[in-house]
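Student: Structure file protein07.cif (mmCIF, N, CA, C and O atoms) right here:
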data_start
loop_
_atom_site.group_PDB
_atom_site.id
_atom_site.type_symbol
_atom_site.label_atom_id
_atom_site.label_comp_id
_atom_site.auth_asym_id
_atom_site.auth_seq_id
_atom_site.Cartn_x
_atom_site.Cartn_y
_atom_site.Cartn_z
ATOM 1 N N MET A 37 8.117 -89.931 14.402
ATOM 2 C CA MET A 37 9.409 -89.519 14.897
ATOM 3 C C MET A 37 9.872 -90.522 15.939
ATOM 4 O O MET A 37 9.139 -90.900 16.827
ATOM 5 N N SER A 38 11.102 -90.925 15.874
ATOM 6 C CA SER A 38 11.664 -91.890 16.803
ATOM 7 C C SER A 38 12.289 -91.170 17.982
ATOM 8 O O SER A 38 12.914 -90.125 17.827
ATOM 9 N N THR A 39 12.122 -91.749 19.172
ATOM 10 C CA THR A 39 12.689 -91.142 20.378
ATOM 11 C C THR A 39 14.072 -91.703 20.678
ATOM 12 O O THR A 39 14.716 -91.262 21.612
ATOM 13 N N GLY A 40 14.490 -92.699 19.904
ATOM 14 C CA GLY A 40 15.793 -93.296 20.154
ATOM 15 C C GLY A 40 15.751 -94.414 21.167
ATOM 16 O O GLY A 40 16.718 -95.119 21.368
ATOM 17 N N ARG A 41 14.597 -94.593 21.819
ATOM 18 C CA ARG A 41 14.456 -95.673 22.798
ATOM 19 C C ARG A 41 13.871 -96.891 22.112
ATOM 20 O O ARG A 41 12.985 -96.776 21.285
ATOM 21 N N ARG A 42 14.377 -98.037 22.487
ATOM 22 C CA ARG A 42 13.798 -99.271 21.969
ATOM 23 C C ARG A 42 12.862 -99.836 23.018
ATOM 24 O O ARG A 42 13.187 -99.842 24.204
ATOM 25 N N GLU A 43 11.734 -100.300 22.538
ATOM 26 C CA GLU A 43 10.781 -100.911 23.459
ATOM 27 C C GLU A 43 11.180 -102.346 23.721
ATOM 28 O O GLU A 43 11.608 -103.053 22.820
ATOM 29 N N GLY A 44 11.032 -102.766 24.964
ATOM 30 C CA GLY A 44 11.298 -104.147 25.315
ATOM 31 C C GLY A 44 10.100 -105.008 24.963
ATOM 32 O O GLY A 44 9.123 -104.524 24.399
ATOM 33 N N PRO A 45 10.164 -106.269 25.300
ATOM 34 C CA PRO A 45 9.025 -107.137 25.028
ATOM 35 C C PRO A 45 7.813 -106.689 25.838
ATOM 36 O O PRO A 45 7.965 -106.084 26.902
ATOM 37 N N PRO A 46 6.609 -106.969 25.337
ATOM 38 C CA PRO A 46 5.418 -106.572 26.090
ATOM 39 C C PRO A 46 5.408 -107.230 27.467
ATOM 40 O O PRO A 46 5.884 -108.351 27.630
ATOM 41 N N ALA A 47 4.882 -106.514 28.417
ATOM 42 C CA ALA A 47 4.846 -107.026 29.790
ATOM 43 C C ALA A 47 3.800 -108.135 29.916
ATOM 44 O O ALA A 47 2.762 -108.103 29.266
ATOM 45 N N ILE A 48 4.102 -109.103 30.744
ATOM 46 C CA ILE A 48 3.143 -110.151 31.086
ATOM 47 C C ILE A 48 2.366 -109.631 32.288
ATOM 48 O O ILE A 48 2.954 -109.345 33.330
ATOM 49 N N THR A 49 1.051 -109.506 32.147
ATOM 50 C CA THR A 49 0.233 -108.980 33.229
ATOM 51 C C THR A 49 -0.901 -109.945 33.550
ATOM 52 O O THR A 49 -1.356 -110.701 32.689
ATOM 53 N N VAL A 50 -1.338 -109.908 34.797
ATOM 54 C CA VAL A 50 -2.460 -110.735 35.231
ATOM 55 C C VAL A 50 -3.670 -110.384 34.372
ATOM 56 O O VAL A 50 -3.959 -109.217 34.128
ATOM 57 N N GLY A 51 -4.341 -111.403 33.877
ATOM 58 C CA GLY A 51 -5.517 -111.210 33.039
ATOM 59 C C GLY A 51 -5.222 -111.281 31.545
ATOM 60 O O GLY A 51 -6.137 -111.405 30.743
ATOM 61 N N SER A 52 -3.942 -111.222 31.184
ATOM 62 C CA SER A 52 -3.598 -111.343 29.773
ATOM 63 C C SER A 52 -3.540 -112.817 29.387
ATOM 64 O O SER A 52 -3.650 -113.700 30.225
ATOM 65 N N VAL A 53 -3.391 -113.061 28.102
ATOM 66 C CA VAL A 53 -3.267 -114.423 27.591
ATOM 67 C C VAL A 53 -1.852 -114.566 27.055
ATOM 68 O O VAL A 53 -1.348 -113.682 26.370
ATOM 69 N N ALA A 54 -1.215 -115.693 27.385
ATOM 70 C CA ALA A 54 0.182 -115.862 26.996
ATOM 71 C C ALA A 54 0.449 -117.293 26.552
ATOM 72 O O ALA A 54 -0.306 -118.213 26.863
ATOM 73 N N ARG A 55 1.545 -117.456 25.819
ATOM 74 C CA ARG A 55 1.990 -118.774 25.346
ATOM 75 C C ARG A 55 3.258 -119.159 26.090
ATOM 76 O O ARG A 55 4.187 -118.364 26.204
ATOM 77 N N ASP A 56 3.276 -120.397 26.576
ATOM 78 C CA ASP A 56 4.477 -120.970 27.181
ATOM 79 C C ASP A 56 5.327 -121.476 26.025
ATOM 80 O O ASP A 56 4.938 -122.419 25.320
ATOM 81 N N LEU A 57 6.446 -120.858 25.785
ATOM 82 C CA LEU A 57 7.282 -121.181 24.634
ATOM 83 C C LEU A 57 7.953 -122.545 24.750
ATOM 84 O O LEU A 57 8.411 -123.101 23.755
ATOM 85 N N ARG A 58 7.976 -123.106 25.946
ATOM 86 C CA ARG A 58 8.605 -124.420 26.118
ATOM 87 C C ARG A 58 7.818 -125.524 25.424
ATOM 88 O O ARG A 58 8.397 -126.434 24.851
ATOM 89 N N ASP A 59 6.487 -125.445 25.490
ATOM 90 C CA ASP A 59 5.676 -126.521 24.917
ATOM 91 C C ASP A 59 4.496 -126.014 24.086
ATOM 92 O O ASP A 59 3.719 -126.806 23.573
ATOM 93 N N GLY A 60 4.349 -124.698 23.968
ATOM 94 C CA GLY A 60 3.308 -124.131 23.120
ATOM 95 C C GLY A 60 1.953 -123.969 23.773
ATOM 96 O O GLY A 60 1.022 -123.474 23.144
ATOM 97 N N ARG A 61 1.818 -124.385 25.046
ATOM 98 C CA ARG A 61 0.518 -124.230 25.706
ATOM 99 C C ARG A 61 0.163 -122.757 25.843
ATOM 100 O O ARG A 61 1.024 -121.906 26.020
ATOM 101 N N VAL A 62 -1.144 -122.483 25.781
ATOM 102 C CA VAL A 62 -1.663 -121.130 25.908
ATOM 103 C C VAL A 62 -2.527 -121.073 27.151
ATOM 104 O O VAL A 62 -3.296 -122.001 27.429
ATOM 105 N N GLY A 63 -2.422 -119.975 27.911
ATOM 106 C CA GLY A 63 -3.239 -119.853 29.106
ATOM 107 C C GLY A 63 -3.439 -118.423 29.540
ATOM 108 O O GLY A 63 -2.749 -117.510 29.089
ATOM 109 N N ASP A 64 -4.420 -118.248 30.406
ATOM 110 C CA ASP A 64 -4.653 -116.963 31.055
ATOM 111 C C ASP A 64 -3.595 -116.776 32.124
ATOM 112 O O ASP A 64 -3.311 -117.710 32.885
ATOM 113 N N VAL A 65 -3.027 -115.586 32.195
ATOM 114 C CA VAL A 65 -2.038 -115.285 33.234
ATOM 115 C C VAL A 65 -2.796 -115.047 34.533
ATOM 116 O O VAL A 65 -3.608 -114.129 34.638
ATOM 117 N N MET A 66 -2.554 -115.921 35.511
ATOM 118 C CA MET A 66 -3.256 -115.855 36.785
ATOM 119 C C MET A 66 -2.497 -115.062 37.839
ATOM 120 O O MET A 66 -3.105 -114.438 38.701
ATOM 121 N N ASP A 67 -1.169 -115.112 37.787
ATOM 122 C CA ASP A 67 -0.354 -114.413 38.774
ATOM 123 C C ASP A 67 1.053 -114.238 38.217
ATOM 124 O O ASP A 67 1.500 -115.039 37.389
ATOM 125 N N VAL A 68 1.700 -113.196 38.645
ATOM 126 C CA VAL A 68 3.078 -112.919 38.235
ATOM 127 C C VAL A 68 3.875 -112.579 39.485
ATOM 128 O O VAL A 68 3.470 -111.720 40.268
ATOM 129 N N HIS A 69 4.954 -113.308 39.695
ATOM 130 C CA HIS A 69 5.880 -113.053 40.792
ATOM 131 C C HIS A 69 7.272 -112.931 40.196
ATOM 132 O O HIS A 69 7.513 -113.440 39.103
ATOM 133 N N PRO A 70 8.199 -112.301 40.886
ATOM 134 C CA PRO A 70 9.566 -112.244 40.360
ATOM 135 C C PRO A 70 10.074 -113.653 40.038
ATOM 136 O O PRO A 70 10.075 -114.532 40.904
ATOM 137 N N GLY A 71 10.409 -113.873 38.793
ATOM 138 C CA GLY A 71 10.953 -115.155 38.387
ATOM 139 C C GLY A 71 9.932 -116.228 38.042
ATOM 140 O O GLY A 71 10.291 -117.318 37.624
ATOM 141 N N ARG A 72 8.618 -115.955 38.178
ATOM 142 C CA ARG A 72 7.588 -116.949 37.891
ATOM 143 C C ARG A 72 6.329 -116.293 37.345
ATOM 144 O O ARG A 72 5.906 -115.232 37.784
ATOM 145 N N VAL A 73 5.716 -116.982 36.381
ATOM 146 C CA VAL A 73 4.417 -116.595 35.837
ATOM 147 C C VAL A 73 3.517 -117.819 35.966
ATOM 148 O O VAL A 73 3.914 -118.923 35.603
ATOM 149 N N TRP A 74 2.320 -117.634 36.509
ATOM 150 C CA TRP A 74 1.364 -118.727 36.673
ATOM 151 C C TRP A 74 0.284 -118.597 35.610
ATOM 152 O O TRP A 74 -0.326 -117.532 35.462
ATOM 153 N N LEU A 75 0.051 -119.694 34.876
ATOM 154 C CA LEU A 75 -0.940 -119.711 33.808
ATOM 155 C C LEU A 75 -1.964 -120.809 34.050
ATOM 156 O O LEU A 75 -1.664 -121.810 34.696
ATOM 157 N N ARG A 76 -3.170 -120.606 33.514
ATOM 158 C CA ARG A 76 -4.227 -121.620 33.573
ATOM 159 C C ARG A 76 -4.758 -121.802 32.155
ATOM 160 O O ARG A 76 -4.984 -120.828 31.446
ATOM 161 N N PRO A 77 -4.985 -123.038 31.723
ATOM 162 C CA PRO A 77 -5.506 -123.264 30.372
ATOM 163 C C PRO A 77 -6.785 -122.458 30.125
ATOM 164 O O PRO A 77 -7.593 -122.268 31.040
ATOM 165 N N LEU A 78 -6.974 -122.017 28.895
ATOM 166 C CA LEU A 78 -8.141 -121.198 28.570
ATOM 167 C C LEU A 78 -9.453 -121.904 28.848
ATOM 168 O O LEU A 78 -10.428 -121.273 29.236
ATOM 169 N N GLY A 79 -9.490 -123.213 28.665
ATOM 170 C CA GLY A 79 -10.715 -123.965 28.916
ATOM 171 C C GLY A 79 -10.870 -124.383 30.356
ATOM 172 O O GLY A 79 -11.779 -125.119 30.697
ATOM 173 N N GLY A 80 -9.992 -123.918 31.226
ATOM 174 C CA GLY A 80 -10.001 -124.315 32.626
ATOM 175 C C GLY A 80 -9.068 -125.495 32.834
ATOM 176 O O GLY A 80 -8.644 -126.140 31.887
ATOM 177 N N GLY A 81 -8.736 -125.722 34.041
ATOM 178 C CA GLY A 81 -7.847 -126.833 34.352
ATOM 179 C C GLY A 81 -6.765 -126.423 35.328
ATOM 180 O O GLY A 81 -6.835 -125.377 35.967
ATOM 181 N N ARG A 82 -5.766 -127.255 35.412
ATOM 182 C CA ARG A 82 -4.701 -127.084 36.392
ATOM 183 C C ARG A 82 -3.697 -126.020 35.947
ATOM 184 O O ARG A 82 -3.227 -126.023 34.810
ATOM 185 N N GLU A 83 -3.369 -125.138 36.871
ATOM 186 C CA GLU A 83 -2.371 -124.099 36.598
ATOM 187 C C GLU A 83 -0.986 -124.708 36.476
ATOM 188 O O GLU A 83 -0.721 -125.782 37.013
ATOM 189 N N TRP A 84 -0.139 -123.995 35.768
ATOM 190 C CA TRP A 84 1.279 -124.361 35.707
ATOM 191 C C TRP A 84 2.090 -123.083 35.782
ATOM 192 O O TRP A 84 1.561 -121.995 35.620
ATOM 193 N N ASP A 85 3.361 -123.226 36.074
ATOM 194 C CA ASP A 85 4.209 -122.050 36.170
ATOM 195 C C ASP A 85 5.336 -122.131 35.160
ATOM 196 O O ASP A 85 5.683 -123.198 34.672
ATOM 197 N N ALA A 86 5.860 -120.963 34.832
ATOM 198 C CA ALA A 86 6.956 -120.862 33.870
ATOM 199 C C ALA A 86 7.804 -119.651 34.242
ATOM 200 O O ALA A 86 7.358 -118.756 34.967
ATOM 201 N N LYS A 87 9.021 -119.643 33.744
ATOM 202 C CA LYS A 87 9.879 -118.476 33.913
ATOM 203 C C LYS A 87 9.403 -117.384 32.949
ATOM 204 O O LYS A 87 8.954 -117.690 31.844
ATOM 205 N N PRO A 88 9.501 -116.127 33.345
ATOM 206 C CA PRO A 88 9.048 -115.041 32.463
ATOM 207 C C PRO A 88 9.706 -115.062 31.082
ATOM 208 O O PRO A 88 9.063 -114.713 30.090
ATOM 209 N N ASP A 89 10.948 -115.511 30.993
ATOM 210 C CA ASP A 89 11.622 -115.581 29.693
ATOM 211 C C ASP A 89 11.026 -116.644 28.783
ATOM 212 O O ASP A 89 11.252 -116.618 27.575
ATOM 213 N N ASP A 90 10.271 -117.583 29.360
ATOM 214 C CA ASP A 90 9.663 -118.663 28.586
ATOM 215 C C ASP A 90 8.212 -118.371 28.212
ATOM 216 O O ASP A 90 7.531 -119.240 27.670
ATOM 217 N N VAL A 91 7.731 -117.166 28.507
ATOM 218 C CA VAL A 91 6.339 -116.814 28.274
ATOM 219 C C VAL A 91 6.264 -115.575 27.392
ATOM 220 O O VAL A 91 7.014 -114.624 27.578
ATOM 221 N N ARG A 92 5.345 -115.629 26.403
ATOM 222 C CA ARG A 92 5.148 -114.502 25.496
ATOM 223 C C ARG A 92 3.662 -114.167 25.440
ATOM 224 O O ARG A 92 2.831 -115.047 25.224
ATOM 225 N N PRO A 93 3.317 -112.879 25.633
ATOM 226 C CA PRO A 93 1.905 -112.513 25.517
ATOM 227 C C PRO A 93 1.434 -112.690 24.074
ATOM 228 O O PRO A 93 2.211 -112.528 23.135
ATOM 229 N N LEU A 94 0.168 -113.046 23.918
ATOM 230 C CA LEU A 94 -0.387 -113.219 22.586
ATOM 231 C C LEU A 94 -0.884 -111.886 22.033
ATOM 232 O O LEU A 94 -1.326 -111.021 22.784
ATOM 233 N N THR A 95 -0.842 -111.768 20.725
ATOM 234 C CA THR A 95 -1.431 -110.601 20.067
ATOM 235 C C THR A 95 -2.948 -110.730 20.165
ATOM 236 O O THR A 95 -3.480 -111.808 20.491
ATOM 237 N N ALA A 96 -3.657 -109.669 19.846
ATOM 238 C CA ALA A 96 -5.121 -109.704 19.891
ATOM 239 C C ALA A 96 -5.655 -110.784 18.948
ATOM 240 O O ALA A 96 -6.586 -111.526 19.298
ATOM 241 N N ARG A 97 -5.074 -110.911 17.790
ATOM 242 C CA ARG A 97 -5.506 -111.922 16.815
ATOM 243 C C ARG A 97 -5.263 -113.339 17.358
ATOM 244 O O ARG A 97 -6.114 -114.218 17.232
ATOM 245 N N GLU A 98 -4.091 -113.553 17.960
ATOM 246 C CA GLU A 98 -3.772 -114.868 18.530
ATOM 247 C C GLU A 98 -4.701 -115.207 19.698
ATOM 248 O O GLU A 98 -5.117 -116.352 19.866
ATOM 249 N N GLN A 99 -5.039 -114.188 20.513
ATOM 250 C CA GLN A 99 -5.953 -114.409 21.636
ATOM 251 C C GLN A 99 -7.314 -114.850 21.143
ATOM 252 O O GLN A 99 -7.901 -115.795 21.667
ATOM 253 N N LEU A 100 -7.820 -114.172 20.126
ATOM 254 C CA LEU A 100 -9.133 -114.511 19.578
ATOM 255 C C LEU A 100 -9.128 -115.938 19.059
ATOM 256 O O LEU A 100 -10.040 -116.721 19.334
ATOM 257 N N SER A 101 -8.105 -116.293 18.329
ATOM 258 C CA SER A 101 -7.997 -117.642 17.781
ATOM 259 C C SER A 101 -7.922 -118.690 18.891
ATOM 260 O O SER A 101 -8.594 -119.726 18.835
ATOM 261 N N ALA A 102 -7.117 -118.427 19.924
ATOM 262 C CA ALA A 102 -6.961 -119.371 21.033
ATOM 263 C C ALA A 102 -8.264 -119.511 21.820
ATOM 264 O O ALA A 102 -8.651 -120.625 22.198
ATOM 265 N N ARG A 103 -8.955 -118.418 22.076
ATOM 266 C CA ARG A 103 -10.221 -118.487 22.817
ATOM 267 C C ARG A 103 -11.292 -119.212 22.005
ATOM 268 O O ARG A 103 -12.096 -119.968 22.552
ATOM 269 N N LEU A 104 -11.315 -119.001 20.695
ATOM 270 C CA LEU A 104 -12.271 -119.692 19.838
ATOM 271 C C LEU A 104 -11.994 -121.198 19.845
ATOM 272 O O LEU A 104 -12.916 -122.013 19.947
ATOM 273 N N ALA A 105 -10.727 -121.573 19.758
ATOM 274 C CA ALA A 105 -10.357 -122.992 19.794
ATOM 275 C C ALA A 105 -10.780 -123.619 21.121
ATOM 276 O O ALA A 105 -11.293 -124.750 21.151
ATOM 277 N N ALA A 106 -10.585 -122.913 22.233
ATOM 278 C CA ALA A 106 -10.978 -123.433 23.547
ATOM 279 C C ALA A 106 -12.495 -123.579 23.634
ATOM 280 O O ALA A 106 -13.003 -124.577 24.159
ATOM 281 N N ALA A 107 -13.250 -122.604 23.104
ATOM 282 C CA ALA A 107 -14.717 -122.679 23.120
ATOM 283 C C ALA A 107 -15.199 -123.845 22.264
ATOM 284 O O ALA A 107 -16.125 -124.575 22.651
ATOM 285 N N ASN A 108 -14.589 -124.044 21.109
ATOM 286 C CA ASN A 108 -14.965 -125.165 20.252
ATOM 287 C C ASN A 108 -14.682 -126.495 20.942
ATOM 288 O O ASN A 108 -15.487 -127.426 20.865
ATOM 289 N N ALA A 109 -13.545 -126.598 21.618
ATOM 290 C CA ALA A 109 -13.207 -127.825 22.328
ATOM 291 C C ALA A 109 -14.221 -128.102 23.436
ATOM 292 O O ALA A 109 -14.632 -129.250 23.633
ATOM 293 N N ARG A 110 -14.629 -127.060 24.160
ATOM 294 C CA ARG A 110 -15.625 -127.237 25.223
ATOM 295 C C ARG A 110 -16.966 -127.690 24.658
ATOM 296 O O ARG A 110 -17.665 -128.490 25.271
ATOM 297 N N SER A 111 -17.330 -127.210 23.460
ATOM 298 C CA SER A 111 -18.613 -127.594 22.884
ATOM 299 C C SER A 111 -18.598 -129.050 22.417
ATOM 300 O O SER A 111 -19.624 -129.717 22.422
ATOM 301 N N ARG A 112 -17.440 -129.547 22.017
ATOM 302 C CA ARG A 112 -17.338 -130.940 21.592
ATOM 303 C C ARG A 112 -17.238 -131.888 22.775
ATOM 304 O O ARG A 112 -17.698 -133.018 22.706
ATOM 305 N N HIS A 113 -16.606 -131.448 23.837
ATOM 306 C CA HIS A 113 -16.375 -132.288 25.013
ATOM 307 C C HIS A 113 -16.693 -131.484 26.276
ATOM 308 O O HIS A 113 -15.786 -131.052 26.979
ATOM 309 N N PRO A 114 -17.988 -131.268 26.564
ATOM 310 C CA PRO A 114 -18.337 -130.471 27.753
ATOM 311 C C PRO A 114 -17.858 -131.151 29.040
ATOM 312 O O PRO A 114 -17.773 -132.375 29.113
ATOM 313 N N LEU A 115 -17.563 -130.337 30.018
ATOM 314 C CA LEU A 115 -17.140 -130.859 31.321
ATOM 315 C C LEU A 115 -18.339 -131.502 32.003
ATOM 316 O O LEU A 115 -19.478 -131.065 31.846
ATOM 317 N N PRO A 116 -18.116 -132.559 32.784
ATOM 318 C CA PRO A 116 -19.236 -133.241 33.485
ATOM 319 C C PRO A 116 -19.855 -132.358 34.541
ATOM 320 O O PRO A 116 -19.332 -131.444 35.037
#
Would you kindly transcribe this structure into C-alpha coordinates?
Tutor:
Amino acid sequence: MSTGRREGPPAITVGSVARDLRDGRVGDVMDVHPGRVWLRPLGGGREWDAKPDDVRPLTAREQLSARLAAANARSRHPLP
(Lines of atoms letter the chains of each structure in order from A and count residues from 1; the text may use other names and numbers.)
(Lines give C-alpha, C1' and ligand atoms only; values in the text may rest on other atoms or scores of the structure.)
Protein backbone atom coordinates (compact mmCIF):
# COMPACT_ATOMS: atom_id res chain seq x y z
CA MET A 1 0.00 0.00 0.00
CA SER A 2 1.34 3.42 -0.92
CA THR A 3 1.27 6.27 1.59
CA GLY A 4 1.38 8.92 -1.11
CA ARG A 5 4.76 10.15 0.10
CA ARG A 6 7.77 9.97 -2.14
CA GLU A 7 11.06 9.07 -0.61
CA GLY A 8 13.97 11.37 -1.25
CA PRO A 9 17.46 10.20 -2.05
CA PRO A 10 19.14 8.08 0.62
CA ALA A 11 20.89 10.11 3.28
CA ILE A 12 24.66 10.39 3.28
CA THR A 13 25.82 9.33 6.74
CA VAL A 14 29.19 9.01 8.43
CA GLY A 15 30.48 5.48 7.97
CA SER A 16 28.65 4.86 4.71
CA VAL A 17 30.34 4.43 1.34
CA ALA A 18 29.59 6.93 -1.39
CA ARG A 19 30.55 7.89 -4.95
CA ASP A 20 31.61 11.40 -5.92
CA LEU A 21 29.62 11.91 -9.11
CA ARG A 22 32.01 14.57 -10.38
CA ASP A 23 34.84 12.13 -11.06
CA GLY A 24 33.57 8.69 -10.01
CA ARG A 25 35.82 8.29 -6.97
CA VAL A 26 34.47 6.10 -4.18
CA GLY A 27 35.18 6.66 -0.51
CA ASP A 28 34.12 6.19 3.07
CA VAL A 29 32.08 9.11 4.37
CA MET A 30 34.20 10.59 7.15
CA ASP A 31 32.15 13.66 8.05
CA VAL A 32 29.04 15.51 6.94
CA HIS A 33 28.49 19.23 7.45
CA PRO A 34 25.84 21.49 5.93
CA GLY A 35 26.92 21.94 2.34
CA ARG A 36 29.93 19.55 2.52
CA VAL A 37 30.64 15.83 2.65
CA TRP A 38 34.16 14.60 3.46
CA LEU A 39 35.28 11.31 1.91
CA ARG A 40 38.42 9.17 2.18
CA PRO A 41 39.46 6.58 -0.42
CA LEU A 42 38.59 3.01 0.57
CA GLY A 43 42.24 1.97 0.48
CA GLY A 44 43.25 4.93 2.63
CA GLY A 45 44.71 8.19 1.55
CA ARG A 46 43.92 11.87 1.47
CA GLU A 47 40.38 13.03 2.18
CA TRP A 48 38.49 15.22 -0.22
CA ASP A 49 35.27 17.15 0.05
CA ALA A 50 32.24 17.44 -2.18
CA LYS A 51 28.84 19.08 -2.17
CA PRO A 52 26.05 16.75 -0.99
CA ASP A 53 24.37 17.02 -4.41
CA ASP A 54 27.53 15.59 -5.99
CA VAL A 55 27.62 12.51 -3.74
CA ARG A 56 25.53 9.33 -3.95
CA PRO A 57 25.57 6.49 -1.42
CA LEU A 58 26.44 3.11 -2.88
CA THR A 59 24.10 0.14 -2.81
CA ALA A 60 25.19 -2.91 -0.80
CA ARG A 61 26.28 -4.63 -4.03
CA GLU A 62 28.29 -1.58 -5.16
CA GLN A 63 29.94 -1.33 -1.72
CA LEU A 64 31.02 -4.96 -1.83
CA SER A 65 32.46 -4.54 -5.30
CA ALA A 66 34.29 -1.31 -4.37
CA ARG A 67 35.75 -2.79 -1.16
CA LEU A 68 36.89 -5.92 -3.03
CA ALA A 69 38.58 -3.77 -5.69
CA ALA A 70 40.36 -1.75 -2.96
CA ALA A 71 41.51 -4.95 -1.19
CA ASN A 72 42.81 -6.38 -4.47
CA ALA A 73 44.69 -3.15 -5.20
CA ARG A 74 46.29 -3.24 -1.74
CA SER A 75 47.40 -6.85 -2.27
CA ARG A 76 49.09 -5.95 -5.56
CA HIS A 77 50.70 -2.76 -4.27
CA PRO A 78 51.03 -2.89 -0.46
CA LEU A 79 51.78 0.34 1.36
CA PRO A 80 55.41 0.71 2.56
Student: Run through the PyMOL selection byres ((chain A and resi 85) around 4.5) on the given coordinates and return the selected residues as a PyMOL selection string.
Tutor: chain A and resi 73-74+84+86
Student: Just say which residues the PyMOL selection byres ((chain A and resi 56-62) around 7) picks in this file, as a ChimeraX atom specification.
Tutor: /A:53-55,63-64,75-79,89-92
Student: Enumerate the residues of chain A with a DSSP assignment of strand (DSSP E), computed from the backbone, and present them as a VMD selection string.
Tutor: chain A and resid 53 to 56 62 to 69 72 to 77 84 to 86 91 to 93
Student: Could you tell me which of A:Met66, A:Leu100, A:Ser52, A:Ala47 comes closest to Gly80 in chain A if we count only C-alpha atoms?
Tutor: A:Met66
Student: From a DSSP calculation on the backbone, collect every residue of range 44-99 of chain A in helix (DSSP H, G or I) and output the set as a list in words.
Tutor: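 For range 44-99 of chain A, the helix (DSSP H, G or I) set is Pro88, Asp89, Asp90, Ala96, Arg97, Glu98 and Gln99 of chain A.
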Student: Using CA of Ile48 in chain A and CA of Thr95 in chain A as the two end points, give the distance in Å to one decimal.
Tutor: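 Value for the CA of Ile48 in chain A-CA of Thr95 in chain A distance: 11.9 Å.
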Student: Between CA of Val68 in chain A and CA of Thr49 in chain A, what distance in Å does the model show, to one decimal?
Tutor: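 One can read the CA of Val68 in chain A to CA of Thr49 in chain A distance as 7.0 Å.
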